[in-house]
>>> print(open('input07.txt').read())   # compact mmCIF, C-alpha atoms
# COMPACT_ATOMS: atom_id res chain seq x y z
CA MET T 1376 -60.35 -31.92 14.23
CA PRO T 1377 -63.08 -32.43 11.58
CA SER T 1378 -63.18 -29.87 8.78
CA ASP T 1379 -66.81 -29.02 9.60
CA ARG T 1380 -66.18 -28.00 13.24
CA PHE T 1381 -64.08 -25.50 15.23
CA GLU T 1382 -62.64 -25.88 18.73
CA ALA T 1383 -61.66 -23.74 21.69
CA ASP T 1384 -59.56 -24.56 24.75
CA TYR T 1385 -60.26 -22.93 28.12
CA LEU T 1386 -58.85 -22.78 31.61
CA LEU T 1387 -61.98 -23.23 33.75
CA GLU T 1388 -62.51 -22.64 37.46
CA THR T 1389 -65.83 -23.62 39.04
CA PRO T 1390 -67.25 -24.20 42.53
CA ILE T 1391 -69.67 -26.88 41.22
CA ASP T 1392 -69.05 -30.28 39.68
CA VAL T 1393 -66.66 -29.59 36.81
CA GLY T 1394 -68.49 -31.89 34.39
CA ARG T 1395 -71.76 -30.13 35.11
CA ALA T 1396 -70.11 -26.73 34.60
CA ALA T 1397 -68.70 -27.85 31.23
CA ASP T 1398 -72.16 -28.97 30.11
CA ILE T 1399 -73.71 -25.65 31.18
CA ILE T 1400 -71.12 -23.69 29.21
CA ALA T 1401 -71.59 -25.85 26.13
CA GLY T 1402 -75.35 -25.43 26.32
CA GLU T 1403 -75.24 -21.67 26.90
CA GLN T 1404 -72.97 -21.17 23.92
CA SER T 1405 -75.03 -23.26 21.49
CA SER T 1406 -78.54 -24.68 21.55
CA GLY T 1407 -79.38 -24.64 25.26
CA THR T 1408 -80.75 -22.16 27.77
CA PHE T 1409 -81.24 -22.13 31.55
CA VAL T 1410 -84.38 -24.27 31.30
CA ALA T 1411 -85.41 -27.01 28.90
CA VAL T 1412 -87.41 -25.74 25.90
CA PRO T 1413 -89.63 -27.89 23.68
CA GLY T 1414 -87.70 -27.21 20.47
CA GLU T 1415 -84.38 -28.51 21.77
CA THR T 1416 -84.90 -32.07 20.58
CA PRO T 1417 -82.21 -34.75 20.77
CA GLU T 1418 -81.89 -34.50 16.99
CA LEU T 1419 -81.32 -30.72 17.15
CA LYS T 1420 -78.77 -31.10 19.94
CA GLU T 1421 -76.88 -33.76 17.99
CA ARG T 1422 -76.77 -31.46 14.98
CA SER T 1423 -76.17 -28.06 16.58
CA ALA T 1424 -75.07 -28.28 20.20
CA ALA T 1425 -71.53 -27.64 21.34
CA ARG T 1426 -69.68 -30.73 22.49
CA VAL T 1427 -67.36 -31.24 25.42
CA VAL T 1428 -64.39 -32.76 23.62
CA ALA T 1429 -61.97 -32.91 26.56
CA LEU T 1430 -62.04 -32.10 30.27
CA GLU T 1431 -58.88 -32.51 32.32
CA VAL T 1432 -58.89 -31.62 36.02
CA ILE T 1433 -55.78 -29.68 36.99
CA GLU T 1434 -56.51 -28.80 40.64
CA GLU T 1435 -59.25 -29.86 43.06
CA GLY T 1436 -60.27 -28.43 46.41
CA VAL T 1437 -58.62 -25.04 45.86
CA PRO T 1438 -59.89 -22.58 48.51
CA GLY T 1439 -61.72 -19.47 47.29
CA ARG T 1440 -63.07 -18.38 43.93
CA SER T 1441 -61.11 -16.09 41.62
CA LEU T 1442 -64.07 -14.00 40.45
CA PRO T 1443 -67.15 -12.75 42.32
CA THR T 1444 -70.77 -13.64 41.62
CA ASN T 1445 -74.09 -12.29 42.83
CA ARG T 1446 -74.41 -15.45 44.91
CA GLY T 1447 -72.37 -15.08 48.08
CA ALA T 1448 -69.50 -17.52 48.37
CA ARG T 1449 -69.23 -19.61 51.54
CA PRO T 1450 -66.07 -19.06 53.61
CA ASP T 1451 -65.19 -22.74 53.17
CA GLU T 1452 -65.99 -22.85 49.43
CA ARG T 1453 -63.63 -24.92 47.30
CA VAL T 1454 -63.17 -24.70 43.53
CA THR T 1455 -61.90 -27.00 40.81
CA ARG T 1456 -59.68 -25.90 37.94
CA ALA T 1457 -59.62 -27.81 34.68
CA ARG T 1458 -58.66 -27.57 31.03
CA LEU T 1459 -61.78 -27.69 28.89
CA THR T 1460 -62.10 -28.16 25.12
CA LEU T 1461 -65.38 -27.39 23.38
CA SER T 1462 -66.29 -28.05 19.76
CA TRP T 1463 -68.98 -26.39 17.60
CA PRO T 1464 -70.38 -27.24 14.18
CA LEU T 1465 -69.30 -24.75 11.53
CA SER T 1466 -72.84 -24.87 10.15
CA THR T 1467 -74.16 -22.77 13.06
CA THR T 1468 -71.95 -19.72 12.43
CA GLY T 1469 -70.35 -20.19 9.04
CA PRO T 1470 -66.74 -18.98 8.64
CA SER T 1471 -67.47 -15.61 10.27
CA LEU T 1472 -64.91 -14.06 12.61
CA PRO T 1473 -67.40 -11.78 14.42
CA ASN T 1474 -69.77 -14.69 15.07
CA LEU T 1475 -66.88 -16.95 16.00
CA ALA T 1476 -65.91 -14.41 18.68
CA ALA T 1477 -69.49 -14.26 19.99
CA THR T 1478 -69.55 -18.04 20.22
CA VAL T 1479 -66.20 -18.81 21.87
CA ALA T 1480 -66.02 -15.63 23.99
CA GLY T 1481 -69.59 -14.55 24.68
CA ASN T 1482 -71.91 -15.04 27.66
CA LEU T 1483 -69.92 -17.95 29.04
CA PHE T 1484 -67.69 -15.53 31.01
CA GLU T 1485 -70.75 -14.35 32.98
CA LEU T 1486 -72.22 -17.70 34.04
CA LYS T 1487 -72.74 -18.15 37.78
CA CYS T 1488 -71.10 -21.55 37.70
CA VAL T 1489 -67.91 -19.96 36.35
CA SER T 1490 -65.58 -18.43 38.93
CA GLY T 1491 -62.75 -18.22 36.40
CA LEU T 1492 -62.48 -18.74 32.64
CA LYS T 1493 -59.71 -17.94 30.16
CA LEU T 1494 -59.76 -18.72 26.43
CA LEU T 1495 -56.44 -20.41 25.72
CA ASP T 1496 -56.46 -21.40 22.05
CA LEU T 1497 -58.58 -21.79 18.92
CA ARG T 1498 -58.46 -24.35 16.13
CA LEU T 1499 -60.28 -23.36 12.96
CA PRO T 1500 -61.10 -25.33 9.81
CA GLY T 1501 -59.87 -24.33 6.38
CA ALA T 1502 -63.15 -22.58 5.59
CA PHE T 1503 -61.89 -19.59 7.62
CA ALA T 1504 -58.74 -19.42 5.51
CA ALA T 1505 -60.89 -19.32 2.40
CA ALA T 1506 -63.22 -16.65 3.81
CA TYR T 1507 -60.58 -14.14 4.97
CA PRO T 1508 -57.52 -12.68 3.23
CA GLY T 1509 -55.05 -12.91 6.08
CA PRO T 1510 -52.00 -10.63 5.95
CA ARG T 1511 -51.47 -9.13 2.50
CA PHE T 1512 -47.81 -8.30 3.17
CA GLY T 1513 -46.71 -10.17 6.29
CA ILE T 1514 -43.02 -10.87 6.83
CA GLU T 1515 -41.94 -11.15 3.21
CA GLY T 1516 -43.79 -8.03 2.07
CA THR T 1517 -42.53 -5.99 5.02
CA ARG T 1518 -38.94 -6.96 4.24
CA ARG T 1519 -39.41 -6.18 0.55
CA MET T 1520 -40.89 -2.74 1.20
CA SER T 1521 -38.37 -1.81 3.90
CA GLY T 1522 -35.35 -3.28 2.11
CA VAL T 1523 -34.20 -4.99 5.31
CA HIS T 1524 -33.16 -8.65 5.01
CA GLY T 1525 -31.33 -11.10 7.26
CA ARG T 1526 -31.86 -9.16 10.48
CA PRO T 1527 -34.67 -7.56 12.46
CA LEU T 1528 -36.04 -4.15 11.53
CA ILE T 1529 -34.69 -1.60 14.00
CA GLY T 1530 -37.41 0.88 14.83
CA THR T 1531 -38.55 3.58 17.19
CA ILE T 1532 -41.62 5.55 18.24
CA ILE T 1533 -42.15 9.28 17.94
CA LYS T 1534 -41.46 10.68 21.41
CA PRO T 1535 -42.86 12.68 23.12
CA SER T 1536 -45.90 10.57 22.28
CA VAL T 1537 -48.07 13.67 21.80
CA GLY T 1538 -47.34 17.38 21.80
CA LEU T 1539 -45.19 17.68 18.68
CA GLY T 1540 -46.76 19.41 15.69
CA PRO T 1541 -46.30 18.25 12.08
CA GLU T 1542 -43.06 20.15 11.45
CA ALA T 1543 -41.50 19.15 14.76
CA THR T 1544 -42.42 15.53 14.04
CA ALA T 1545 -40.84 15.82 10.60
CA ALA T 1546 -37.67 17.30 12.10
CA LEU T 1547 -37.35 14.30 14.42
CA VAL T 1548 -37.98 11.95 11.49
CA HIS T 1549 -35.17 13.69 9.58
CA GLU T 1550 -32.81 13.04 12.48
CA LEU T 1551 -33.90 9.39 12.67
CA CYS T 1552 -33.50 8.86 8.91
CA GLU T 1553 -29.97 10.25 9.07
CA ALA T 1554 -29.34 7.86 11.98
CA GLY T 1555 -30.10 4.91 9.69
CA ILE T 1556 -33.42 3.83 11.24
CA ASP T 1557 -35.47 1.14 9.46
CA PHE T 1558 -38.90 1.76 10.96
CA ILE T 1559 -40.70 4.61 12.75
CA LYS T 1560 -44.22 4.67 14.13
CA ASP T 1561 -46.68 7.11 15.56
CA ASP T 1562 -47.52 6.55 19.19
CA GLU T 1563 -51.00 5.08 19.51
CA LEU T 1564 -52.12 8.28 21.25
CA GLN T 1565 -51.36 10.37 18.16
CA SER T 1566 -53.85 10.23 15.31
CA ASP T 1567 -55.66 13.36 14.02
CA GLY T 1568 -55.92 15.94 16.78
CA PRO T 1569 -55.92 19.70 16.16
CA ASP T 1570 -52.34 20.03 17.46
CA CYS T 1571 -50.99 17.55 14.92
CA PRO T 1572 -53.50 16.95 12.10
CA PHE T 1573 -53.09 13.68 10.22
CA ASP T 1574 -52.89 15.19 6.73
CA ALA T 1575 -50.34 17.83 7.71
CA ARG T 1576 -48.24 15.29 9.62
CA VAL T 1577 -48.21 12.86 6.70
CA ALA T 1578 -47.23 15.58 4.23
CA ALA T 1579 -44.41 16.91 6.42
CA VAL T 1580 -43.02 13.50 7.35
CA MET T 1581 -43.18 12.04 3.85
CA ARG T 1582 -41.34 15.07 2.40
CA VAL T 1583 -38.46 14.20 4.70
CA ILE T 1584 -38.57 10.47 3.98
CA GLU T 1585 -38.80 10.91 0.20
CA THR T 1586 -35.92 13.39 0.18
CA TYR T 1587 -33.81 10.95 2.18
CA ALA T 1588 -34.79 8.05 -0.08
CA ASP T 1589 -33.91 10.02 -3.24
CA ARG T 1590 -30.47 10.76 -1.82
CA THR T 1591 -29.61 7.38 -0.31
CA GLY T 1592 -31.83 4.77 -1.95
CA ARG T 1593 -33.15 3.75 1.49
CA LYS T 1594 -36.75 4.48 2.46
CA PRO T 1595 -37.51 3.96 6.15
CA MET T 1596 -40.98 2.63 6.84
CA PHE T 1597 -43.26 4.95 8.84
CA ALA T 1598 -46.47 3.53 10.37
CA PHE T 1599 -48.97 6.40 10.50
CA ASN T 1600 -51.79 5.91 13.00
CA LEU T 1601 -55.05 6.20 11.03
CA THR T 1602 -57.31 4.79 13.78
CA GLY T 1603 -60.82 6.15 13.43
CA ASP T 1604 -64.22 5.22 12.06
CA LEU T 1605 -64.39 3.47 8.68
CA ASP T 1606 -64.84 6.61 6.59
CA GLN T 1607 -61.98 8.34 8.40
CA MET T 1608 -59.67 5.37 7.96
CA ARG T 1609 -60.47 5.09 4.26
CA ARG T 1610 -59.78 8.78 3.69
CA ARG T 1611 -56.58 8.69 5.75
CA HIS T 1612 -55.43 5.58 3.87
CA ASP T 1613 -55.87 7.41 0.57
CA THR T 1614 -53.85 10.31 1.95
CA LEU T 1615 -51.02 7.89 2.74
CA LEU T 1616 -51.08 6.49 -0.79
CA ALA T 1617 -51.03 9.98 -2.29
CA HIS T 1618 -47.87 10.86 -0.33
CA GLY T 1619 -46.00 7.60 -1.02
CA ALA T 1620 -46.26 6.18 2.51
CA THR T 1621 -45.38 2.51 3.02
CA CYS T 1622 -47.19 1.54 6.25
CA LEU T 1623 -50.25 2.33 8.34
CA MET T 1624 -51.11 1.64 11.96
CA ALA T 1625 -54.43 0.82 13.61
CA SER T 1626 -55.35 0.21 17.25
CA LEU T 1627 -57.10 -3.16 17.24
CA ASN T 1628 -59.23 -2.77 20.34
CA SER T 1629 -60.37 0.68 19.18
CA VAL T 1630 -61.41 -0.15 15.61
CA GLY T 1631 -62.79 -3.58 16.54
CA LEU T 1632 -62.86 -6.80 14.58
CA VAL T 1633 -65.22 -5.58 11.86
CA GLY T 1634 -63.26 -2.35 11.50
CA MET T 1635 -60.06 -4.34 11.01
CA ILE T 1636 -61.68 -6.65 8.46
CA GLU T 1637 -62.94 -3.70 6.43
CA LEU T 1638 -59.63 -1.84 6.71
CA ALA T 1639 -57.75 -4.86 5.37
CA ARG T 1640 -60.15 -5.11 2.42
CA PHE T 1641 -59.20 -1.72 1.04
CA ALA T 1642 -55.70 -1.23 2.47
CA GLU T 1643 -52.85 -1.25 -0.03
CA LEU T 1644 -50.16 -0.89 2.63
CA PRO T 1645 -48.87 -3.13 5.44
CA ILE T 1646 -51.04 -2.91 8.55
CA HIS T 1647 -49.14 -2.37 11.79
CA ALA T 1648 -51.59 -3.67 14.40
CA HIS T 1649 -51.25 -2.14 17.87
CA ARG T 1650 -52.70 -4.05 20.81
CA ASN T 1651 -53.12 -1.15 23.29
CA GLY T 1652 -55.76 -2.13 25.84
CA TRP T 1653 -54.56 -5.72 25.82
CA GLY T 1654 -54.28 -5.75 29.61
CA TYR T 1655 -58.02 -5.56 30.20
CA LEU T 1656 -58.45 -8.72 28.11
CA ALA T 1657 -55.63 -10.73 29.59
CA ARG T 1658 -54.10 -9.51 32.83
CA HIS T 1659 -56.22 -11.60 35.20
CA PRO T 1660 -54.87 -15.17 35.09
CA LEU T 1661 -58.37 -16.66 35.16
CA LEU T 1662 -60.33 -14.28 32.97
CA GLY T 1663 -60.31 -13.23 29.33
CA TRP T 1664 -58.09 -14.33 26.47
CA SER T 1665 -54.64 -15.73 25.96
CA TYR T 1666 -52.64 -14.00 23.25
CA VAL T 1667 -52.31 -17.33 21.43
CA ALA T 1668 -56.06 -17.38 20.79
CA TRP T 1669 -56.62 -13.64 20.38
CA GLN T 1670 -54.00 -12.97 17.73
CA LYS T 1671 -55.44 -15.59 15.37
CA LEU T 1672 -58.52 -13.44 14.77
CA TRP T 1673 -56.45 -10.41 13.80
CA ARG T 1674 -54.07 -12.36 11.58
CA LEU T 1675 -56.98 -13.76 9.63
CA ALA T 1676 -58.59 -10.31 9.48
CA GLY T 1677 -55.48 -8.92 7.76
CA ALA T 1678 -52.85 -7.65 10.23
CA ASP T 1679 -49.26 -7.74 8.95
CA HIS T 1680 -47.45 -6.78 12.19
CA MET T 1681 -48.62 -7.66 15.72
CA HIS T 1682 -47.33 -6.15 18.96
CA VAL T 1683 -46.14 -8.72 21.52
CA ASN T 1684 -44.56 -6.49 24.23
CA GLY T 1685 -40.85 -7.11 24.96
CA LEU T 1686 -38.43 -8.76 27.37
CA ASP T 1687 -37.85 -6.99 30.71
CA ASN T 1688 -40.74 -4.73 29.75
CA LYS T 1689 -42.28 -1.88 31.73
CA PHE T 1690 -45.59 -3.72 31.98
CA SER T 1691 -46.71 -6.74 34.01
CA GLU T 1692 -46.16 -9.47 31.40
CA THR T 1693 -43.52 -12.16 31.91
CA ASP T 1694 -40.73 -12.82 29.44
CA GLU T 1695 -42.08 -16.33 28.88
CA SER T 1696 -45.45 -14.94 27.84
CA VAL T 1697 -43.84 -12.42 25.47
CA ILE T 1698 -41.82 -15.09 23.68
CA ALA T 1699 -44.83 -17.41 23.46
CA SER T 1700 -46.77 -14.57 21.82
CA ALA T 1701 -43.99 -13.91 19.30
CA ARG T 1702 -43.66 -17.59 18.45
CA THR T 1703 -47.36 -17.93 17.77
CA CYS T 1704 -47.20 -14.98 15.33
CA LEU T 1705 -44.57 -16.94 13.37
CA THR T 1706 -46.48 -20.24 13.53
CA PRO T 1707 -48.56 -21.07 10.41
CA MET T 1708 -52.31 -21.23 10.96
CA PHE T 1709 -53.29 -23.35 7.94
CA PRO T 1710 -51.27 -25.51 5.52
CA GLU T 1711 -52.83 -23.67 2.58
CA LYS T 1712 -52.49 -20.17 4.12
CA PRO T 1713 -49.81 -19.74 6.81
CA CYS T 1714 -50.95 -16.19 7.77
CA THR T 1715 -47.65 -15.58 9.57
CA VAL T 1716 -47.07 -12.00 10.74
CA MET T 1717 -44.12 -9.95 11.93
CA PRO T 1718 -44.03 -9.78 15.76
CA VAL T 1719 -43.24 -6.32 17.12
CA PHE T 1720 -41.17 -6.08 20.32
CA SER T 1721 -41.60 -2.86 22.28
CA SER T 1722 -41.87 -1.42 25.80
CA GLY T 1723 -38.55 -0.35 27.30
CA GLN T 1724 -36.40 -2.13 24.73
CA THR T 1725 -32.66 -1.42 24.51
CA ALA T 1726 -29.55 -3.23 23.32
CA ARG T 1727 -29.59 -5.05 26.67
CA GLN T 1728 -32.60 -7.22 25.66
CA VAL T 1729 -31.33 -8.26 22.22
CA HIS T 1730 -29.43 -11.44 23.11
CA GLY T 1731 -32.26 -12.73 25.30
CA THR T 1732 -34.77 -12.06 22.56
CA TYR T 1733 -32.76 -13.86 19.90
CA ASP T 1734 -31.81 -16.78 22.16
CA ALA T 1735 -35.45 -17.37 23.09
CA LEU T 1736 -37.06 -16.78 19.70
CA GLN T 1737 -34.29 -18.09 17.39
CA SER T 1738 -35.56 -15.87 14.59
CA THR T 1739 -34.75 -12.46 13.11
CA ASP T 1740 -38.25 -12.06 11.68
CA LEU T 1741 -39.31 -9.25 13.99
CA ILE T 1742 -39.43 -5.51 14.46
CA MET T 1743 -37.73 -4.17 17.59
CA THR T 1744 -39.00 -0.71 18.46
CA ALA T 1745 -37.01 1.21 21.05
CA GLY T 1746 -38.19 4.66 22.07
CA GLY T 1747 -35.83 5.73 24.84
CA GLY T 1748 -33.38 3.00 23.78
CA ILE T 1749 -32.68 5.06 20.65
CA LEU T 1750 -33.82 8.63 21.31
CA ALA T 1751 -32.30 8.79 24.82
CA HIS T 1752 -28.91 7.31 23.91
CA PRO T 1753 -26.33 9.63 25.50
CA ASP T 1754 -24.60 10.16 22.14
CA GLY T 1755 -27.80 10.75 20.18
CA PRO T 1756 -30.25 8.75 18.03
CA ALA T 1757 -27.63 7.63 15.48
CA ALA T 1758 -25.64 6.01 18.27
CA GLY T 1759 -28.85 4.47 19.61
CA VAL T 1760 -29.64 2.88 16.25
CA ARG T 1761 -26.08 1.63 15.89
CA SER T 1762 -26.10 0.15 19.39
CA LEU T 1763 -29.15 -1.96 18.58
CA ARG T 1764 -27.82 -3.01 15.20
CA GLU T 1765 -24.46 -4.01 16.71
CA ALA T 1766 -26.21 -5.92 19.49
CA TRP T 1767 -28.18 -7.91 16.90
CA GLU T 1768 -25.06 -8.63 14.86
CA ALA T 1769 -23.42 -10.00 18.00
CA ALA T 1770 -26.44 -12.08 18.98
CA ILE T 1771 -26.76 -13.65 15.53
CA ALA T 1772 -23.00 -14.38 15.45
CA GLY T 1773 -23.05 -15.87 18.96
CA ILE T 1774 -20.71 -13.20 20.38
CA PRO T 1775 -21.33 -12.23 24.03
CA LEU T 1776 -22.80 -8.75 24.35
CA ASP T 1777 -20.15 -7.36 26.70
CA ALA T 1778 -17.33 -8.71 24.52
CA HIS T 1779 -18.79 -7.11 21.40
CA ALA T 1780 -19.26 -3.83 23.27
CA ARG T 1781 -15.48 -3.55 23.71
CA THR T 1782 -15.18 -2.90 19.97
CA CYS T 1783 -18.34 -0.78 19.59
CA PRO T 1784 -18.42 2.40 21.70
CA GLU T 1785 -22.09 3.12 20.88
CA LEU T 1786 -23.07 -0.28 22.23
CA ALA T 1787 -20.88 0.16 25.30
CA ARG T 1788 -22.51 3.50 26.10
CA ALA T 1789 -25.99 2.02 25.62
CA LEU T 1790 -25.20 -0.77 28.06
CA GLU T 1791 -23.98 1.73 30.64
CA VAL T 1792 -27.29 3.58 30.50
CA ALA T 1793 -29.41 0.38 30.45
CA ALA T 1794 -27.55 -1.29 33.32
>>> encode(input="input07.txt", output="C-alpha cells")
Amino acid sequence: MPSDRFEADYLLETPIDVGRAADIIAGEQSSGTFVAVPGETPELKERSAARVVALEVIEEGVPGRSLPTNRGARPDERVTRARLTLSWPLSTTGPSLPNLAATVAGNLFELKCVSGLKLLDLRLPGAFAAAYPGPRFGIEGTRRMSGVHGRPLIGTIIKPSVGLGPEATAALVHELCEAGIDFIKDDELQSDGPDCPFDARVAAVMRVIETYADRTGRKPMFAFNLTGDLDQMRRRHDTLLAHGATCLMASLNSVGLVGMIELARFAELPIHAHRNGWGYLARHPLLGWSYVAWQKLWRLAGADHMHVNGLDNKFSETDESVIASARTCLTPMFPEKPCTVMPVFSSGQTARQVHGTYDALQSTDLIMTAGGGILAHPDGPAAGVRSLREAWEAAIAGIPLDAHARTCPELARALEVAA
C-alpha cells in the first residue's frame, strides 16, 4: 500500500451488478454524488476519488437481501456477495481518526444498492502513527504498574454491578486484596451516581488498596470508571491521581472517538477501554464493523487495554471471533509504533476456560476478569483467585486441567461449579 493512501476491506452484498455497486460506493465516499456535477473533472477524480483496488465475488445468485431498503424487493431477487477493497488518498482527510471513520464507515451503509456491508479491516499509512500517541502504557506498562510478569493478570469486577455504596465497595475490595487479586474494575454501569459517588468511592477504595500495599508490597490495579463528558473525565482523572490510583476505565461507545483522543492526551494512567454496546456495531453478519477494523481506531487513540469478550461467553459471539479479536490486539500496527494493547477476557469466565484460551492464543499477555468465577466460588473469593491462578499455571506447563485439579482443591471445587 502506498504511504500516501489508506485502504479498507468490506464484505459487500448487493442486488445489482457488483462492479457497479463498488463504483457507487467509491463515488459516494469520495468525490462523486448521485448525479454528475460539472466540477468532477477527470483530473479531480484521478487526484481525489476513491479507487476500487480489489473485488472478489464470493457468492452469486443468493436468494433474498440481508437488509431492507425503501425499494421493495422482488420475491425472486438474487444478491451477490463479494470482498471489496477501496483506497483513498491521504490528502483528502489528512491523518485524522474522526475523518477516517466518516470516510470508511459513513453514508455507504445507507446506499440503496447495498443490501449488506461490513467493514472488515483497515490499513493505514505511517502518518497516522505520527499523528496519534497510541497506548502510553500498553502491555509493558501494565505489567510494570501491576507487578505481574510471566502470566496473565487475574482480575474481577465489582459485583453486584450497582447498588453498593463507597464503603461496601471498599469492603469487597479489601476481601479481594486479601485473596491475592491482581486487577479489579468497576462495572461499566457504575460511574458517579448519587448512591456511589465517584470521589467517595475512589477515596474509600484507595485507602484499602494503599493499606494493603504498605503491608505486602503488592498494589492491585483498580480501573475506576470515569466515563463522562470531557470536563468530568478530566476532574475524575485528577481525583485518581490525588489518591494514588493506577488505572482508569472509559466506555468507548459512550465517550466517542474524540472523547477518547482527548482523554488519552491528558491521562497519566493506563486506560482500560470497555466496549459495551459492541453488539449494535457488529452482531449482524452483514452490517457494521469487524473487531479487527474497529479496535485499530481505539489503539491509535490511546487505549491500553481492550475488551474482547471470552470463550464460552454469555453473549452471542463465537470462540473463534473472540480469539481473532485478542490476536489482533497483540498484532503490531506499524513497524515504527506497534501500538499493541492488553486484551481483556471477560463474560462468564472461570477456570474452565483457561486451557482453551491459552491453547488458542499462545500468549499470557492478557487480563482475565472473572466476576462469578471468583466471587461465587463456593469457598470464597480467595479460593476463586487461586483456582484461576492454578489453572493458568497448568495451562502454561501443559498439564491437563483435571489432572492438576487433583492436587489443588480450590481448582477442583471451581470445576465442579463450572461443569
>>> atom_distance(input="input07.txt", atom1="CA of Leu1492 in chain T", atom2="CA of Leu1662 in chain T")
5.0 Å
>>> closest_residue(input="input07.txt", among="T:Phe1599, T:Pro1473, T:Leu1430, T:Ala1758", to="Val1633 in chain T", atoms="only C-alpha atoms")
T:Pro1473
>>> axis_aligned_box(input="input07.txt", around="range 1689-1707 of chain T", padding_each_side="5 Å", output="JSON")
{"center_x": -44.6, "center_y": -11.5, "center_z": 22.2, "size_x": 17.8, "size_y": 29.2, "size_z": 33.6}
>>> closest_residue(input="input07.txt", among="T:Ile1391, T:Val1630, T:Leu1497, T:Ala1383", to="Glu1452 in chain T", atoms="all atoms listed in the file")
T:Ile1391
>>> closest_atom_pairs(input="input07.txt", of="range 1638-1662 of chain T", to="range 1675-1681 of chain T", cutoff="6 Å", atoms="all atoms listed in the file", output="CSV")
residue,atom,partner,partner_atom,distance
T:Ala1639,CA,T:Gly1677,CA,5.2
T:Pro1645,CA,T:Asp1679,CA,5.8
T:Ile1646,CA,T:Asp1679,CA,5.2
T:His1647,CA,T:His1680,CA,4.7
T:Ala1648,CA,T:Met1681,CA,5.1
>>> residues_around(input="input07.txt", residues="Leu1632 in chain T", least_positions_apart="3", cutoff="8 Å", atoms="only C-alpha atoms", output="ChimeraX atom specification")
/T:1472-1473,1627-1628,1635-1636,1672-1673,1676
>>> residues_near_point(input="input07.txt", point="(-54.9, -20.8, 8.0)", cutoff="8 Å", atoms="all atoms listed in the file", output="PyMOL selection string")
chain T and resi 1499-1501+1503-1504+1675+1707-1714
>>> residues_around(input="input07.txt", residues="Asp1384 in chain T", least_positions_apart="2", cutoff="9 Å", atoms="only C-alpha atoms", output="PyMOL selection string")
chain T and resi 1382+1386+1429+1458-1461+1493-1498+1668
>>> write_last_selection(input="input07.txt", atoms="C-alpha atoms", output="compact mmCIF listing (two decimals), in the frame of the given file")
# COMPACT_ATOMS: atom_id res chain seq x y z
CA GLU T 1382 -62.64 -25.88 18.73
CA LEU T 1386 -58.85 -22.78 31.61
CA ALA T 1429 -61.97 -32.91 26.56
CA ARG T 1458 -58.66 -27.57 31.03
CA LEU T 1459 -61.78 -27.69 28.89
CA THR T 1460 -62.10 -28.16 25.12
CA LEU T 1461 -65.38 -27.39 23.38
CA LYS T 1493 -59.71 -17.94 30.16
CA LEU T 1494 -59.76 -18.72 26.43
CA LEU T 1495 -56.44 -20.41 25.72
CA ASP T 1496 -56.46 -21.40 22.05
CA LEU T 1497 -58.58 -21.79 18.92
CA ARG T 1498 -58.46 -24.35 16.13
CA ALA T 1668 -56.06 -17.38 20.79
>>> residues_around(input="input07.txt", residues="Leu1551 in chain T", least_positions_apart="6", cutoff="10 Å", atoms="all atoms listed in the file", output="list of chain:residue names")
T:Gly1530, T:Thr1531, T:Ile1533, T:Ala1545, T:Asp1557, T:Phe1558, T:Ile1559, T:Ile1584, T:Pro1595, T:Ile1749, T:Leu1750, T:Gly1755, T:Pro1756, T:Ala1757, T:Gly1759, T:Val1760
>>> closest_residue(input="input07.txt", among="T:Thr1416, T:Gln1404, T:Thr1544, T:Ser1490", to="Leu1475 in chain T", atoms="only C-alpha atoms")
T:Gln1404
>>> closest_residue(input="input07.txt", among="T:Trp1664, T:Phe1573, T:Phe1381, T:Phe1597", to="Pro1464 in chain T", atoms="all atoms listed in the file")
T:Phe1381
>>> closest_residue(input="input07.txt", among="T:Thr1444, T:Thr1693, T:Thr1602, T:Ser1629", to="Val1489 in chain T", atoms="all atoms listed in the file")
T:Thr1444
>>> closest_residue(input="input07.txt", among="T:Cys1571, T:Met1743, T:Leu1763, T:Val1667", to="Thr1706 in chain T", atoms="only C-alpha atoms")
T:Val1667
>>> atom_distance(input="input07.txt", atom1="CA of Gln1737 in chain T", atom2="CA of Pro1775 in chain T")
15.7 Å
>>> atom_distance(input="input07.txt", atom1="CA of Asp1570 in chain T", atom2="CA of Ala1745 in chain T")
24.5 Å
>>> residues_around(input="input07.txt", residues="Arg1727 in chain T", least_positions_apart="5", cutoff="12 Å", atoms="all atoms listed in the file", output="PyMOL selection string")
chain T and resi 1685-1688+1732-1733+1745+1748+1759+1762-1767+1769-1770+1775-1777+1780+1786-1794
